[in-house]
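S.K.: Structure: start-v4.txt, compact mmCIF, C-alpha atoms (C1' of nucleotides).
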# COMPACT_ATOMS: atom_id res chain seq x y z
CA MET A 1 -9.07 13.80 6.40
CA ASN A 2 -8.31 10.51 4.71
CA TYR A 3 -6.30 7.80 6.39
CA SER A 4 -4.39 4.80 5.05
CA VAL A 5 -5.46 1.24 5.82
CA SER A 6 -2.41 0.94 8.02
CA GLU A 7 -3.17 4.08 9.99
CA GLU A 8 -6.75 2.95 10.51
CA ASN A 9 -5.59 -0.41 11.78
CA TYR A 10 -3.31 1.23 14.31
CA ILE A 11 -6.07 3.54 15.51
CA LYS A 12 -8.50 0.66 15.86
CA SER A 13 -6.02 -1.47 17.79
CA ILE A 14 -5.12 1.35 20.14
CA TYR A 15 -8.83 1.83 20.75
CA HIS A 16 -9.33 -1.84 21.61
CA LEU A 17 -6.33 -1.95 23.93
CA GLN A 18 -7.56 1.18 25.69
CA GLN A 19 -10.67 -0.70 26.75
CA GLN A 20 -8.44 -2.54 29.18
CA THR A 21 -5.71 -0.04 30.09
CA ASP A 22 -5.93 3.70 29.76
CA THR A 23 -2.53 4.16 28.14
CA VAL A 24 -1.18 1.65 25.67
CA THR A 25 2.40 0.39 25.45
CA THR A 26 4.55 -0.07 22.35
CA ASN A 27 4.98 -3.80 22.93
CA SER A 28 1.30 -4.55 23.46
CA LEU A 29 0.38 -2.71 20.27
CA ALA A 30 3.13 -4.46 18.31
CA ASN A 31 1.77 -7.73 19.59
CA GLU A 32 -1.84 -6.85 18.71
CA LEU A 33 -0.88 -5.88 15.16
CA HIS A 34 1.60 -8.72 14.63
CA THR A 35 4.31 -6.23 13.89
CA LYS A 36 7.58 -5.15 15.57
CA PRO A 37 7.96 -2.51 18.31
CA ALA A 38 10.18 -0.43 16.02
CA SER A 39 7.39 -0.21 13.47
CA VAL A 40 4.98 0.91 16.17
CA THR A 41 7.26 3.73 17.23
CA ASP A 42 7.56 4.90 13.64
CA MET A 43 3.83 4.91 13.04
CA LEU A 44 3.12 6.58 16.35
CA LYS A 45 5.24 9.56 15.46
CA LYS A 46 3.17 9.86 12.31
CA LEU A 47 -0.14 9.57 14.18
CA GLN A 48 1.11 12.20 16.60
CA THR A 49 1.91 14.71 13.86
CA LYS A 50 -1.52 13.96 12.43
CA LYS A 51 -2.94 14.81 15.85
CA LEU A 52 -4.73 11.54 16.51
CA VAL A 53 -2.82 10.38 19.59
CA GLU A 54 -1.13 11.78 22.64
CA TYR A 55 2.33 10.31 22.79
CA GLU A 56 5.34 10.96 24.97
CA LYS A 57 8.54 9.05 24.37
CA TYR A 58 8.88 5.97 26.56
CA ARG A 59 5.62 6.91 28.29
CA GLY A 60 3.01 5.10 26.24
CA PHE A 61 0.20 6.71 24.31
CA LYS A 62 -3.57 7.15 24.05
CA LEU A 63 -6.08 8.39 21.51
CA ASN A 64 -7.10 12.03 21.77
CA ALA A 65 -10.68 13.15 21.04
CA THR A 66 -10.12 13.12 17.26
CA GLY A 67 -8.49 9.69 17.34
CA ASN A 68 -11.26 8.31 19.48
CA LYS A 69 -13.91 9.55 17.11
CA LEU A 70 -12.08 8.00 14.18
CA ALA A 71 -11.71 4.71 16.06
CA LEU A 72 -15.43 4.58 16.81
CA ASN A 73 -16.14 5.26 13.17
CA ILE A 74 -13.96 2.34 12.09
CA VAL A 75 -15.59 0.11 14.71
CA ARG A 76 -18.97 1.22 13.40
CA ARG A 77 -18.04 0.27 9.84
CA HIS A 78 -16.62 -3.06 10.96
CA ARG A 79 -19.66 -4.06 12.97
CA LEU A 80 -22.18 -2.98 10.34
CA TRP A 81 -20.37 -5.11 7.78
CA GLU A 82 -20.32 -8.04 10.19
CA PHE A 83 -24.04 -7.68 10.65
CA PHE A 84 -24.49 -7.61 6.90
CA LEU A 85 -22.33 -10.67 6.35
CA VAL A 86 -24.22 -12.74 8.90
CA ASN A 87 -27.78 -11.50 8.52
CA LYS A 88 -27.89 -10.88 4.79
CA LEU A 89 -25.27 -13.15 3.28
CA GLY A 90 -25.76 -15.99 5.74
CA PHE A 91 -22.17 -16.30 6.97
CA GLU A 92 -21.62 -17.98 10.30
CA TRP A 93 -20.81 -15.44 12.98
CA ASP A 94 -17.36 -16.85 13.64
CA LYS A 95 -16.28 -16.53 9.99
CA VAL A 96 -16.85 -12.86 9.30
CA HIS A 97 -14.10 -11.07 11.18
CA ALA A 98 -11.40 -11.20 8.51
CA ILE A 99 -13.73 -10.09 5.72
CA ALA A 100 -15.16 -7.23 7.77
CA GLU A 101 -11.57 -6.19 8.46
CA GLU A 102 -11.16 -5.53 4.74
CA LEU A 103 -14.57 -4.00 4.13
CA GLU A 104 -14.21 -1.55 7.02
CA HIS A 105 -11.55 0.40 5.12
CA VAL A 106 -13.75 1.26 2.17
CA SER A 107 -13.98 4.99 2.62
CA SER A 108 -17.40 6.28 1.73
CA ALA A 109 -19.60 7.86 4.39
CA GLU A 110 -22.58 7.63 2.06
CA LEU A 111 -22.03 3.89 1.72
CA ILE A 112 -22.11 3.33 5.47
CA LYS A 113 -25.12 5.57 5.89
CA ARG A 114 -27.07 3.57 3.33
CA LEU A 115 -25.82 0.23 4.62
CA ASP A 116 -27.00 1.16 8.11
CA SER A 117 -30.43 2.05 6.79
CA PHE A 118 -30.59 -1.11 4.64
CA LEU A 119 -29.85 -3.20 7.72
CA ASN A 120 -32.53 -1.33 9.69
CA PHE A 121 -30.18 0.46 12.05
CA PRO A 122 -28.97 -2.54 14.07
CA GLN A 123 -27.79 -1.88 17.62
CA THR A 124 -25.36 -4.77 17.99
CA ASP A 125 -23.19 -6.88 15.72
CA PRO A 126 -23.42 -10.70 15.46
CA HIS A 127 -21.01 -11.09 18.40
CA GLY A 128 -23.31 -9.01 20.58
CA ASP A 129 -21.06 -5.95 20.58
CA PRO A 130 -22.82 -2.58 20.29
CA ILE A 131 -22.56 -0.60 17.04
CA PRO A 132 -21.56 3.05 17.57
CA ASP A 133 -23.80 5.62 15.88
CA THR A 134 -22.54 8.34 13.53
CA ASN A 135 -21.47 10.45 16.49
CA GLY A 136 -19.60 7.60 18.13
CA LYS A 137 -22.23 7.00 20.80
CA MET A 138 -23.19 3.43 21.52
CA ALA A 139 -25.59 1.65 23.78
CA VAL A 140 -23.95 0.42 26.93
CA ILE A 141 -25.09 -3.09 27.59
CA LYS A 142 -24.96 -4.51 31.06
CA GLN A 143 -22.59 -7.42 30.86
CA LEU A 144 -20.98 -9.75 33.33
CA SER A 145 -17.99 -11.93 32.64
CA LEU A 146 -18.26 -15.66 33.24
CA ALA A 147 -16.03 -15.32 36.30
CA GLU A 148 -18.54 -12.91 37.82
CA ILE A 149 -21.59 -15.07 37.32
CA ALA A 150 -23.06 -16.65 40.40
CA VAL A 151 -23.20 -20.42 40.39
CA LYS A 152 -26.37 -22.08 39.04
CA LYS A 153 -28.05 -18.91 37.79
CA ASN A 154 -29.16 -18.85 34.16
CA VAL A 155 -27.72 -16.08 31.97
CA VAL A 156 -27.89 -15.18 28.30
CA VAL A 157 -24.69 -14.98 26.27
CA SER A 158 -24.63 -11.50 24.75
CA SER A 159 -21.10 -11.07 23.54
CA VAL A 160 -17.75 -12.77 23.27
CA GLY A 161 -14.83 -10.81 24.64
CA ASN A 162 -12.03 -12.91 23.21
CA GLN A 163 -12.49 -13.44 19.49
CA SER A 164 -9.36 -15.46 18.74
CA PRO A 165 -9.94 -18.35 16.29
CA GLU A 166 -9.24 -20.80 19.13
CA MET A 167 -11.90 -19.26 21.36
CA LEU A 168 -14.45 -19.17 18.53
CA GLU A 169 -13.64 -22.79 17.73
CA MET A 170 -14.12 -23.77 21.34
CA LEU A 171 -17.45 -21.97 21.66
CA LYS A 172 -18.63 -23.69 18.52
CA HIS A 173 -17.60 -27.06 19.90
CA TYR A 174 -19.76 -26.46 22.96
CA ASN A 175 -22.51 -25.04 20.77
CA ILE A 176 -22.43 -21.68 22.47
CA ALA A 177 -23.62 -18.67 20.48
CA ILE A 178 -25.14 -15.24 21.13
CA GLY A 179 -28.46 -15.84 22.87
CA THR A 180 -27.48 -19.19 24.31
CA ILE A 181 -28.66 -19.68 27.88
CA LEU A 182 -25.87 -20.76 30.16
CA LYS A 183 -25.59 -21.97 33.72
CA VAL A 184 -22.25 -21.83 35.54
CA ASN A 185 -22.06 -25.03 37.52
CA ARG A 186 -19.01 -24.34 39.56
CA HIS A 187 -15.81 -22.30 39.66
CA PHE A 188 -12.45 -24.00 39.88
CA ASP A 189 -10.37 -21.69 41.98
CA PHE A 190 -7.03 -23.31 41.25
CA ASP A 191 -7.01 -22.29 37.55
CA GLY A 192 -9.99 -19.99 37.27
CA SER A 193 -11.81 -22.19 34.77
CA VAL A 194 -15.59 -22.43 34.93
CA MET B 1 -2.31 -16.44 -5.85
CA ASN B 2 -3.00 -13.11 -4.21
CA TYR B 3 -2.58 -9.82 -6.00
CA SER B 4 -2.13 -6.26 -4.77
CA VAL B 5 -4.74 -3.59 -5.41
CA SER B 6 -2.34 -1.98 -7.84
CA GLU B 7 -1.75 -5.18 -9.78
CA GLU B 8 -5.49 -5.79 -9.99
CA ASN B 9 -6.07 -2.28 -11.31
CA TYR B 10 -3.48 -2.78 -14.03
CA ILE B 11 -4.99 -6.11 -15.03
CA LYS B 12 -8.48 -4.63 -15.15
CA SER B 13 -7.37 -1.66 -17.22
CA ILE B 14 -5.47 -3.82 -19.69
CA TYR B 15 -8.61 -5.92 -20.02
CA HIS B 16 -10.77 -2.89 -20.76
CA LEU B 17 -8.33 -1.48 -23.31
CA GLN B 18 -8.14 -4.88 -25.02
CA GLN B 19 -11.85 -4.62 -25.80
CA GLN B 20 -10.89 -2.01 -28.37
CA THR B 21 -7.43 -3.03 -29.54
CA ASP B 22 -5.91 -6.45 -29.25
CA THR B 23 -2.55 -5.31 -27.91
CA VAL B 24 -2.28 -2.41 -25.51
CA THR B 25 0.34 0.32 -25.56
CA THR B 26 2.27 1.77 -22.64
CA ASN B 27 0.94 5.28 -23.18
CA SER B 28 -2.71 4.28 -23.40
CA LEU B 29 -2.45 2.28 -20.18
CA ALA B 30 -0.65 5.12 -18.43
CA ASN B 31 -3.42 7.41 -19.54
CA GLU B 32 -6.17 5.02 -18.38
CA LEU B 33 -4.60 4.65 -14.94
CA HIS B 34 -3.63 8.32 -14.55
CA THR B 35 -0.03 7.33 -14.10
CA LYS B 36 3.22 7.78 -16.04
CA PRO B 37 4.53 5.56 -18.86
CA ALA B 38 7.63 4.73 -16.81
CA SER B 39 5.45 3.33 -14.02
CA VAL B 40 3.58 1.20 -16.53
CA THR B 41 6.80 -0.31 -17.84
CA ASP B 42 7.89 -1.14 -14.29
CA MET B 43 4.63 -2.81 -13.40
CA LEU B 44 4.47 -4.70 -16.67
CA LYS B 45 7.76 -6.39 -15.99
CA LYS B 46 6.31 -7.52 -12.70
CA LEU B 47 3.10 -8.80 -14.28
CA GLN B 48 5.22 -10.62 -16.84
CA THR B 49 7.27 -12.45 -14.22
CA LYS B 50 3.99 -13.29 -12.48
CA LYS B 51 2.86 -14.75 -15.79
CA LEU B 52 -0.27 -12.67 -16.27
CA VAL B 53 0.68 -10.84 -19.46
CA GLU B 54 2.56 -11.37 -22.67
CA TYR B 55 4.95 -8.52 -23.04
CA GLU B 56 7.73 -7.75 -25.48
CA LYS B 57 9.79 -4.60 -25.09
CA TYR B 58 8.56 -1.73 -27.25
CA ARG B 59 5.92 -4.03 -28.75
CA GLY B 60 2.96 -3.58 -26.43
CA PHE B 61 1.34 -6.28 -24.34
CA LYS B 62 -1.79 -8.35 -23.80
CA LEU B 63 -3.26 -10.55 -21.09
CA ASN B 64 -2.56 -14.27 -21.33
CA ALA B 65 -5.16 -16.87 -20.34
CA THR B 66 -4.39 -16.51 -16.63
CA GLY B 67 -4.49 -12.72 -16.78
CA ASN B 68 -7.74 -12.79 -18.67
CA LYS B 69 -9.36 -15.04 -16.13
CA LEU B 70 -8.21 -12.78 -13.32
CA ALA B 71 -9.52 -9.71 -15.16
CA LEU B 72 -12.92 -11.29 -15.62
CA ASN B 73 -12.98 -12.15 -11.95
CA ILE B 74 -12.28 -8.55 -10.99
CA VAL B 75 -14.94 -7.33 -13.44
CA ARG B 76 -17.34 -9.82 -11.89
CA ARG B 77 -16.66 -8.49 -8.40
CA HIS B 78 -16.99 -4.90 -9.57
CA ARG B 79 -20.31 -5.43 -11.32
CA LEU B 80 -21.84 -7.48 -8.53
CA TRP B 81 -21.02 -4.72 -6.07
CA GLU B 82 -22.48 -2.13 -8.42
CA PHE B 83 -25.66 -4.15 -8.61
CA PHE B 84 -25.75 -4.35 -4.82
CA LEU B 85 -25.16 -0.63 -4.38
CA VAL B 86 -27.97 0.30 -6.76
CA ASN B 87 -30.54 -2.42 -6.14
CA LYS B 88 -30.09 -2.94 -2.42
CA LEU B 89 -28.67 0.29 -1.06
CA GLY B 90 -30.58 2.57 -3.43
CA PHE B 91 -27.62 4.45 -4.91
CA GLU B 92 -28.15 6.14 -8.24
CA TRP B 93 -26.47 4.22 -11.02
CA ASP B 94 -24.09 7.04 -11.90
CA LYS B 95 -22.72 7.28 -8.35
CA VAL B 96 -21.52 3.75 -7.72
CA HIS B 97 -18.42 3.38 -9.84
CA ALA B 98 -15.88 4.77 -7.37
CA ILE B 99 -17.22 2.77 -4.44
CA ALA B 100 -17.33 -0.46 -6.43
CA GLU B 101 -13.74 0.23 -7.41
CA GLU B 102 -12.80 -0.11 -3.74
CA LEU B 103 -15.08 -3.02 -2.90
CA GLU B 104 -13.88 -5.08 -5.85
CA HIS B 105 -10.48 -5.58 -4.20
CA VAL B 106 -11.82 -7.29 -1.11
CA SER B 107 -10.39 -10.73 -1.60
CA SER B 108 -12.78 -13.42 -0.47
CA ALA B 109 -14.19 -15.88 -2.98
CA GLU B 110 -16.78 -16.98 -0.42
CA LEU B 111 -17.95 -13.38 -0.06
CA ILE B 112 -18.55 -13.00 -3.78
CA LYS B 113 -20.26 -16.37 -4.01
CA ARG B 114 -22.69 -15.41 -1.27
CA LEU B 115 -23.19 -11.89 -2.60
CA ASP B 116 -24.07 -13.32 -6.01
CA SER B 117 -26.62 -15.65 -4.46
CA PHE B 118 -28.03 -12.87 -2.23
CA LEU B 119 -28.55 -10.71 -5.33
CA ASN B 120 -30.25 -13.62 -7.12
CA PHE B 121 -27.54 -14.21 -9.69
CA PRO B 122 -27.96 -11.03 -11.72
CA GLN B 123 -26.88 -11.14 -15.37
CA THR B 124 -26.06 -7.47 -15.88
CA ASP B 125 -24.92 -4.56 -13.75
CA PRO B 126 -26.84 -1.26 -13.40
CA HIS B 127 -25.10 0.13 -16.50
CA GLY B 128 -26.36 -2.80 -18.53
CA ASP B 129 -22.97 -4.50 -18.77
CA PRO B 130 -22.99 -8.29 -18.40
CA ILE B 131 -21.61 -9.89 -15.23
CA PRO B 132 -19.11 -12.70 -15.90
CA ASP B 133 -19.82 -15.97 -14.08
CA THR B 134 -17.28 -17.79 -11.89
CA ASN B 135 -15.62 -19.24 -14.97
CA GLY B 136 -15.39 -15.87 -16.68
CA LYS B 137 -18.19 -16.56 -19.14
CA MET B 138 -20.70 -13.83 -19.72
CA ALA B 139 -23.82 -13.36 -21.75
CA VAL B 140 -23.21 -11.57 -25.01
CA ILE B 141 -25.88 -8.97 -25.47
CA LYS B 142 -26.75 -7.71 -28.91
CA GLN B 143 -26.02 -4.02 -28.87
CA LEU B 144 -25.93 -1.25 -31.41
CA SER B 145 -24.20 2.06 -30.94
CA LEU B 146 -26.18 5.26 -31.39
CA ALA B 147 -24.37 5.96 -34.65
CA GLU B 148 -25.66 2.67 -36.02
CA ILE B 149 -29.29 3.24 -35.16
CA ALA B 150 -31.63 3.93 -38.05
CA VAL B 151 -33.44 7.24 -37.92
CA LYS B 152 -36.90 7.30 -36.23
CA LYS B 153 -36.80 3.73 -34.93
CA ASN B 154 -37.41 3.21 -31.23
CA VAL B 155 -34.68 1.41 -29.27
CA VAL B 156 -34.05 0.58 -25.64
CA VAL B 157 -30.92 1.88 -23.93
CA SER B 158 -29.15 -1.18 -22.55
CA SER B 159 -25.72 0.07 -21.67
CA VAL B 160 -23.52 3.12 -21.66
CA GLY B 161 -20.16 2.68 -23.35
CA ASN B 162 -18.48 5.84 -22.12
CA GLN B 163 -18.79 6.19 -18.36
CA SER B 164 -16.87 9.41 -17.82
CA PRO B 165 -18.47 11.75 -15.26
CA GLU B 166 -19.23 14.22 -18.07
CA MET B 167 -21.10 11.59 -20.08
CA LEU B 168 -23.06 10.43 -17.04
CA GLU B 169 -23.91 14.02 -16.22
CA MET B 170 -25.12 14.62 -19.76
CA LEU B 171 -27.28 11.50 -19.81
CA LYS B 172 -28.83 12.54 -16.55
CA HIS B 173 -29.57 15.99 -17.93
CA TYR B 174 -31.50 14.42 -20.79
CA ASN B 175 -33.08 11.93 -18.39
CA ILE B 176 -31.62 8.93 -20.17
CA ALA B 177 -31.11 5.74 -18.17
CA ILE B 178 -30.94 1.99 -18.77
CA GLY B 179 -34.33 0.99 -20.17
CA THR B 180 -35.14 4.41 -21.58
CA ILE B 181 -36.75 4.25 -25.00
CA LEU B 182 -34.97 6.44 -27.49
CA LYS B 183 -35.60 7.62 -31.00
CA VAL B 184 -32.76 8.99 -33.12
CA ASN B 185 -34.23 11.92 -35.01
CA ARG B 186 -31.40 12.63 -37.35
CA HIS B 187 -27.67 12.27 -37.83
CA PHE B 188 -25.49 15.31 -38.30
CA ASP B 189 -22.80 14.17 -40.67
CA PHE B 190 -20.48 17.12 -40.20
CA ASP B 191 -19.65 16.27 -36.56
CA GLY B 192 -21.27 12.88 -36.09
CA SER B 193 -23.63 14.05 -33.33
CA VAL B 194 -27.12 12.55 -33.12
C1' DA C 1 21.76 2.66 45.24
C1' DT C 2 23.57 -0.08 41.87
C1' DC C 3 23.12 -3.47 38.55
C1' DT C 4 20.49 -6.38 35.45
C1' DT C 5 16.64 -7.04 32.59
C1' DT C 6 13.02 -5.35 29.86
C1' DT C 7 11.07 -1.91 27.05
C1' DT C 8 11.43 1.58 23.79
C1' DT C 9 13.71 4.28 20.43
C1' DT C 10 17.10 5.27 16.78
C1' DA C 11 19.79 4.26 12.71
C1' DG C 12 20.01 2.29 8.60
C1' DA C 13 18.19 -1.09 5.20
C1' DT C 14 14.32 -3.19 2.30
C1' DT C 15 10.07 -3.59 -0.58
C1' DT C 16 6.33 -1.70 -3.34
C1' DG C 17 4.78 1.53 -6.29
C1' DT C 18 5.58 5.69 -7.95
C1' DC C 19 8.19 9.72 -10.22
C1' DT C 20 11.60 12.75 -13.37
C1' DA C 21 15.11 13.05 -16.61
C1' DA C 22 17.89 10.90 -19.87
C1' DA C 23 18.67 7.27 -23.21
C1' DT C 24 16.93 4.15 -26.57
C1' DT C 25 13.86 2.33 -29.99
C1' DT C 26 10.17 2.76 -33.17
C1' DT C 27 7.36 5.36 -36.33
C1' DA C 28 6.48 8.97 -39.56
C1' DA C 29 7.98 12.42 -42.85
C1' DT C 30 10.58 14.02 -46.36
C1' DA D 1 17.40 6.33 -46.66
C1' DT D 2 17.94 9.86 -43.47
C1' DT D 3 16.16 12.50 -40.17
C1' DA D 4 12.72 14.38 -37.02
C1' DA D 5 9.14 13.22 -33.81
C1' DA D 6 6.85 10.20 -30.76
C1' DA D 7 6.76 6.28 -27.78
C1' DT D 8 9.07 3.38 -24.63
C1' DT D 9 12.50 1.98 -21.48
C1' DT D 10 16.29 2.65 -18.17
C1' DA D 11 18.56 4.83 -14.34
C1' DG D 12 18.26 6.82 -10.24
C1' DA D 13 15.39 8.97 -6.62
C1' DC D 14 11.46 9.17 -3.29
C1' DA D 15 7.54 8.11 0.10
C1' DA D 16 5.16 4.67 2.91
C1' DA D 17 5.47 0.93 5.81
C1' DT D 18 8.06 -2.34 7.37
C1' DC D 19 12.36 -4.80 9.33
C1' DT D 20 17.00 -5.91 12.12
C1' DA D 21 20.55 -4.59 15.09
C1' DA D 22 22.29 -1.37 18.22
C1' DA D 23 21.65 2.35 21.59
C1' DA D 24 19.09 4.57 25.20
C1' DA D 25 15.77 4.77 28.87
C1' DA D 26 12.81 2.78 32.38
C1' DA D 27 11.64 -0.86 35.62
C1' DG D 28 12.77 -4.50 38.75
C1' DA D 29 15.93 -7.07 41.90
C1' DT D 30 19.13 -7.37 45.31
Can the structure from this file be put into structure tokens for me?
M.R.:
Amino acid sequence: MNYSVSEENYIKSIYHLQQQTDTVTTNSLANELHTKPASVTDMLKKLQTKKLVEYEKYRGFKLNATGNKLALNIVRRHRLWEFFLVNKLGFEWDKVHAIAEELEHVSSAELIKRLDSFLNFPQTDPHGDPIPDTNGKMAVIKQLSLAEIAVKKNVVVSSVGNQSPEMLEMLKHYNIAIGTILKVNRHFDFDGSV
Amino acid sequence: MNYSVSEENYIKSIYHLQQQTDTVTTNSLANELHTKPASVTDMLKKLQTKKLVEYEKYRGFKLNATGNKLALNIVRRHRLWEFFLVNKLGFEWDKVHAIAEELEHVSSAELIKRLDSFLNFPQTDPHGDPIPDTNGKMAVIKQLSLAEIAVKKNVVVSSVGNQSPEMLEMLKHYNIAIGTILKVNRHFDFDGSV
DNA sequence: ATCTTTTTTTAGATTTGTCTAAATTTTAAT
DNA sequence: ATTAAAATTTAGACAAATCTAAAAAAAGAT
């Protein structure tokens, strides 16, 4: 099957939201895609007839096995391109997201296969996130969030959960990148900052 | 300005057709783009209001300076990606056209700048066609067509004018590629074959 | 348990790029 | 110079993806 850019973006966003909650709501997806709830409902009917999601009116939705496989494939393409942009073209790791978002929709399996080989089969992208293999399997990397880190222990930054421009800007300001060694000095309970 | 994939394809096709005839006709463009004459007329009105073409009803059309610059930019993107696909990813030179056709629409000037540098500023693509620089200038390469080649003289194949799948298939069958040394044994006047 | 608020869906409209069929203009032929 | 043929444009329709406004359903509050 061949999917439109729009369909792929929906599938990818549903996938990402499912990392946090099993079933995804219309509003949260609309928010993620900077679109309106009505548009989400429309597209979801389409994805349902294409048998990529399980969807029951007013009940939220989730990817089925086919949708999940497709999502992992899109994620794979995205992360391989990010790796390419940073490690071959010399982009900074916080500048590649938008470009990879366009490249990921170029639909040639042969292209991705060769790109993967050219890059020497990388396991993680420049943000530290694992790259799914052709079958959608990816290495699970033991990760703790900052809130879970014990005070005064050294840890290595391996990925950045929130990739909003503001967050990336902030990390850059503090000179924090993948591989940086961090020490959490104290937790501030009243607002959760560290 | 930012242009749609469709607009870019029209501009590119008009550019290619202008290599042969100064002003392009509705039918020839429809044919080139595998679309209908009515669609061409519609799009041309749009390109006219966007000030990319000179167009007079029933009189054909041509790119203006802005349109020409855009076309050369698209050609540049296309040929750089073709070079990448062949020289970095190891594609065969007759398999890259369709993929480059998708990659060329990824709209990041920074991406193309870095790609160019990563590829070491190539002058020609894998088909031997020159790659325009950022300003749209490209090396003019002295070329003769097969019909113009004197009998029994050795020449080097530098580009392939007709890139239809049939032509590429035929060249492959005879083992002819860029750089191949050829000798024209005789001309057959009755059908022009060599 | 009822009422209010929030979420989701429906109905109908819009934009982009395309199409078919009909009308118009140009070109070619006599 | 007419007329026939070919090319081009217009008119009106359609599919994809979106939107706004209104209706319907679900969730939360008292």
S.K.: Which one of A:Leu115, A:Val40, A:Val24, A:Leu29 sits closest to chain D if you count only C-alpha atoms (C1' of nucleotides)?
M.R.: A:Val40
S.K.: With 8 Å of padding per side, what axis-aligned box (centre and edge lengths, Å, one decimal) covers all the listed atoms of stretch 62-69 of chain B? Give it as JSON.
M.R.:
{"center_x": -5.6, "center_y": -12.6, "center_z": -20.0, "size_x": 23.6, "size_y": 24.5, "size_z": 23.7}
S.K.: May I have the residues within 8 Å of stretch 12-27 of chain D as JSON, numbers by chain, using all atoms listed in the file and disregarding those fewer than 6 positions away in the same chain?
M.R.: {"A": [36, 39, 58], "C": [6, 7, 8, 9, 10, 14, 19]}
S.K.: Mind dumping the selected residues with C-alpha atoms (C1' of nucleotides) as a CSV table (one decimal), in the frame of the given file?
M.R.:
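Saved as selection03.csv:
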chain,number,residue,atom,x,y,z
A,36,LYS,CA,7.6,-5.2,15.6
A,39,SER,CA,7.4,-0.2,13.5
A,58,TYR,CA,8.9,6.0,26.6
C,6,DT,C1',13.0,-5.4,29.9
C,7,DT,C1',11.1,-1.9,27.0
C,8,DT,C1',11.4,1.6,23.8
C,9,DT,C1',13.7,4.3,20.4
C,10,DT,C1',17.1,5.3,16.8
C,14,DT,C1',14.3,-3.2,2.3
C,19,DC,C1',8.2,9.7,-10.2
S.K.: Give one line per residue of chain B that approaches chain C to at most 12 Å, naming the two atoms of the closest pair and their distance in Å to one decimal, counting only C-alpha atoms (C1' of nucleotides); sort by chain then ascending residue number and deliver it as a Markdown table.
M.R.:
| residue | atom | partner | partner_atom | distance |
| --- | --- | --- | --- | --- |
| B:Ser4 | CA | C:DT16 | C1' | 9.7 |
| B:Val5 | CA | C:DG17 | C1' | 10.8 |
| B:Ser6 | CA | C:DG17 | C1' | 8.1 |
| B:Glu7 | CA | C:DG17 | C1' | 10.0 |
| B:His34 | CA | C:DT18 | C1' | 11.6 |
| B:Thr35 | CA | C:DT18 | C1' | 8.5 |
| B:Lys36 | CA | C:DC19 | C1' | 7.9 |
| B:Pro37 | CA | C:DC19 | C1' | 10.3 |
| B:Ala38 | CA | C:DC19 | C1' | 8.3 |
| B:Ser39 | CA | C:DT18 | C1' | 6.5 |
| B:Val40 | CA | C:DT18 | C1' | 9.9 |
| B:Thr41 | CA | C:DT18 | C1' | 11.6 |
| B:Asp42 | CA | C:DG17 | C1' | 9.0 |
| B:Met43 | CA | C:DG17 | C1' | 8.3 |
| B:Lys46 | CA | C:DT16 | C1' | 11.0 |
| B:Lys57 | CA | C:DT25 | C1' | 9.4 |
| B:Tyr58 | CA | C:DT25 | C1' | 7.2 |
| B:Arg59 | CA | C:DT26 | C1' | 9.1 |
| B:Gly60 | CA | C:DT26 | C1' | 11.7 |
S.K.: Return the single residue from B:Lys95, B:Lys12, B:Lys45, B:Lys62 that is closest to chain D, with distances computed using only C-alpha atoms (C1' of nucleotides).
M.R.: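 Nearest to chain D: B:Lys45.
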S.K.: Can you check which parts of chain A lie within 12 Å of chain B? Per residue, the shortest pair of atoms and distance in Å to one decimal, counting only C-alpha atoms, sorted by chain and number, as a tab-separated table.
M.R.:
residue	atom	partner	partner_atom	distance
A:Trp81	CA	B:Leu111	CA	11.6
A:Glu82	CA	B:Leu111	CA	11.8
A:Phe84	CA	B:Leu115	CA	10.5
A:Leu85	CA	B:Leu111	CA	8.2
A:Val86	CA	B:Arg114	CA	10.6
A:Asn87	CA	B:Phe118	CA	10.8
A:Lys88	CA	B:Phe118	CA	7.3
A:Leu89	CA	B:Arg114	CA	5.7
A:Gly90	CA	B:Arg114	CA	7.7
A:Phe91	CA	B:Arg114	CA	8.3
A:Glu92	CA	B:Glu110	CA	11.8
A:Lys95	CA	B:Glu110	CA	10.4
A:Val96	CA	B:Leu111	CA	9.4
A:His97	CA	B:Ser108	CA	12.0
A:Ala98	CA	B:Ser108	CA	9.4
A:Ile99	CA	B:Ser108	CA	7.1
A:Ala100	CA	B:Val106	CA	9.5
A:Glu101	CA	B:Val106	CA	9.6
A:Glu102	CA	B:Val106	CA	6.1
A:Leu103	CA	B:Val106	CA	6.8
A:Glu104	CA	B:Leu103	CA	10.1
A:His105	CA	B:Glu102	CA	9.0
A:Val106	CA	B:Glu102	CA	6.1
A:Ser107	CA	B:Ile99	CA	8.1
A:Ser108	CA	B:Ile99	CA	7.1
A:Ala109	CA	B:Ile99	CA	10.5
A:Glu110	CA	B:Phe91	CA	9.2
A:Leu111	CA	B:Ile99	CA	7.9
A:Ile112	CA	B:Leu89	CA	9.7
A:Lys113	CA	B:Leu89	CA	9.4
A:Arg114	CA	B:Leu89	CA	5.7
A:Leu115	CA	B:Leu89	CA	6.4
A:Asp116	CA	B:Leu89	CA	9.4
A:Ser117	CA	B:Leu89	CA	8.2
A:Phe118	CA	B:Leu89	CA	6.2
A:Leu119	CA	B:Leu89	CA	9.5
A:Asn120	CA	B:Leu89	CA	11.5
